[in-house]
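Some notes on the structure that comes next.
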Amino acid sequence: MAYAKEIYEAVQRVLDDRRLSAQQRAAELHARMRRNPRVCELESVMSGSVRRLAQVILAGGDAQQIDAIRRENLAAQAEIAQMMRDTGEAVTTFEPQYTCKACEDTGFVNGRSCQCRTALLREKAAEKLRALTGMKLTSFETLDMTFYSDAYDDELGCSPREHMQSVIDYCRWYADGFNTDRPSLLLRGGTGTGKTHLSLAIAAKACEREANVIYGTVQAFLHQLESEHFGRAQGDTERTLIDCDLLILDDLGTEFSSPFYTSALYALINGRMLAGRPTIISTNLDGDAIERHYGEQIASRLIGTYEPLLFVGNDVRQQKLRRRYQ
């Protein structure tokens with residue numbers, strides 16, 4: 001996977017800071033414990049035993065001598081460890097306590113990128129995308145239900161307010177226990193009916209559960225993918241979008257239409273399906289319009305595998321504007 005240079009540099013800074021901090025903490029702990037003369041004595045015993053062990057091995061010493069020296073060294077280590085426990089230290093060794101024990105915060109194991117470094121690269125790439133798209137989280141509590149009519153609707157079989165309350169209840173359930181086993185959602189409805197608000201409310205809850213969430217408009221992501229594909233920008237946005245725990249694609253159907261965009265959108269939707277990760281897509285288009293706009297392949301995946309949520313009512317943004325000037 002190829003990321004932009006700035007992503008690699010940001011990850012290296014994190015790893016360098018982790019490694020340096022672990023070494024500094026270990027050095028400070030060592031200096032603090034050496035204020036006790038007994039610790040200095042025990043360390044002298046340990047260093048002496050190492051030298052004697054080397055000499056005995058080189059001289060062809062017998063197993064009993066070697067075992068006695070090793071027991072002496074272990075006894076000194078054990079006494080220091082007990083002294084550290086007695087003083088309330090969280091560790092029992094002066095070795096640096098690295099964040100990642102596998103690579104000791106270098107980012108590499110046997111010349112290959114460590115899992116911790118790979119995770120950091122994905123995290124930093126996702127952070128960059130979030131910054132570019134300006135994800136501003138909302139909450140379920142800030143959705144004003146008075147903007148939805150409480151008059152009975154024959155087609156809905158209830159009032160728009162009752163229908164939207166059921167949609168909100170489902171989204172709360174989806175968000176409160178969010179995990180990557182959740183189904184993908186297709187939020188359909190007119191402009192200003194709450195699709196973006198609720199998808200970002202779900203994002204807020206998912207972030208609280210430490211999920212890696214990326215939000216943006218379909219147009220913004222497809223433009224970035226196009227720039228990378230034709231060499232105008234660096235990065236691997238497609239992989240970042242496929243790998244995140246929850247991807248939210250807003251305003252499907254408002255982007256420019258092109259063969260590349262349709263192909264890139266299919267690759268993204270299909271890639272996340274194969275990876276088993278949920279996606280939330282909002283659109284003003286109905287099923288027939290989705291098929292006309294994107295073709296059968298994309299339509300069959302969205303309509304056949306996504307959980308549909310219908311948003312109803314009048315444009316909340318316009319209603320808020322009218323209330324402001326009344």
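Naming scheme: A, B, ... for chains in displayed order of the structure tokens; residues 1 onward per chain; ligands 1 onward as shown.
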Name the residues in contact with segment 178-194 of chain A at a cut-off of 7 Å, using only C-alpha atoms, excluding same-chain residues fewer than 4 positions from it; report them as a list in words. Tyr174, Leu198, Ala206, Asp245, Arg277, Pro278, Thr279, Ile280, Ile281, Ser282, Thr283, Asn284, Leu285, Asp286, Leu302, Tyr306, Glu307, Pro308, Leu309, Leu310, Phe311, Val312, Gly313, Asn314, Asp315, Val316 and Arg317 of chain A
File of the preceding selection, C-alpha atoms, as a compact mmCIF listing (two decimals), in the first residue's frame:
```txt
# COMPACT_ATOMS: atom_id res chain seq x y z
CA TYR A 174 -27.39 0.65 15.43
CA LEU A 198 -28.58 10.87 11.80
CA ALA A 206 -19.25 4.71 16.84
CA ASP A 245 -14.67 0.33 10.45
CA ARG A 277 -17.49 -3.81 6.83
CA PRO A 278 -20.63 -1.66 7.10
CA THR A 279 -21.29 1.41 4.99
CA ILE A 280 -23.93 4.10 5.39
CA ILE A 281 -25.02 5.79 2.16
CA SER A 282 -27.48 8.68 1.97
CA THR A 283 -29.24 9.68 -1.23
CA ASN A 284 -32.24 11.54 -2.61
CA LEU A 285 -32.64 8.86 -5.31
CA ASP A 286 -35.20 6.05 -5.20
CA LEU A 302 -27.46 -1.16 -2.62
CA TYR A 306 -28.31 -2.59 2.34
CA GLU A 307 -30.90 -2.06 5.08
CA PRO A 308 -33.27 0.63 3.68
CA LEU A 309 -34.35 3.54 5.86
CA LEU A 310 -36.90 5.94 4.38
CA PHE A 311 -36.70 9.57 5.55
CA VAL A 312 -39.87 11.62 5.17
CA GLY A 313 -41.09 15.13 5.86
CA ASN A 314 -40.43 18.65 4.64
CA ASP A 315 -36.99 20.25 4.40
CA VAL A 316 -35.93 20.88 8.00
CA ARG A 317 -33.33 23.45 6.96
```
Hey, what does DSSP flag as helix (DSSP H, G or I) within segment 210-320 of chain A? Can you give it to me as a ChimeraX atom specification? /A:218-229,237-243,259-275,287-294,296-305,316-320
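In terms of minimum interatomic distance to Ile202 of chain A, A:Ser139 ranks closest within A:Asp153, A:Ser139, A:Thr237, A:Asp169, counting only C-alpha atoms.
Across the model, the gap from atom CA of Leu225 of chain A to atom CA of Glu296 of chain A is 22.2 Å.
Atom pair atom CA of Gln234 of chain A / atom CA of Gln297 of chain A: separated by 28.9 Å.
Using only C-alpha atoms, the shortest contact distance between Ile248 of chain A and any of A:Trp173, A:Phe221, A:Tyr98, A:Tyr152 is found at A:Phe221.
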Residue contacts of Val14 of chain A (12 Å, only C-alpha atoms) excluding same-chain residues fewer than 3 positions away, as an MDAnalysis selection string: chainID A and resid 7:11 17:21 99 105:107 116:117 119:121 123:124
Contacts of Glu238 of chain A at 9 Å (only C-alpha atoms; same-chain gap of 2+ positions) as a count of residues only: 11
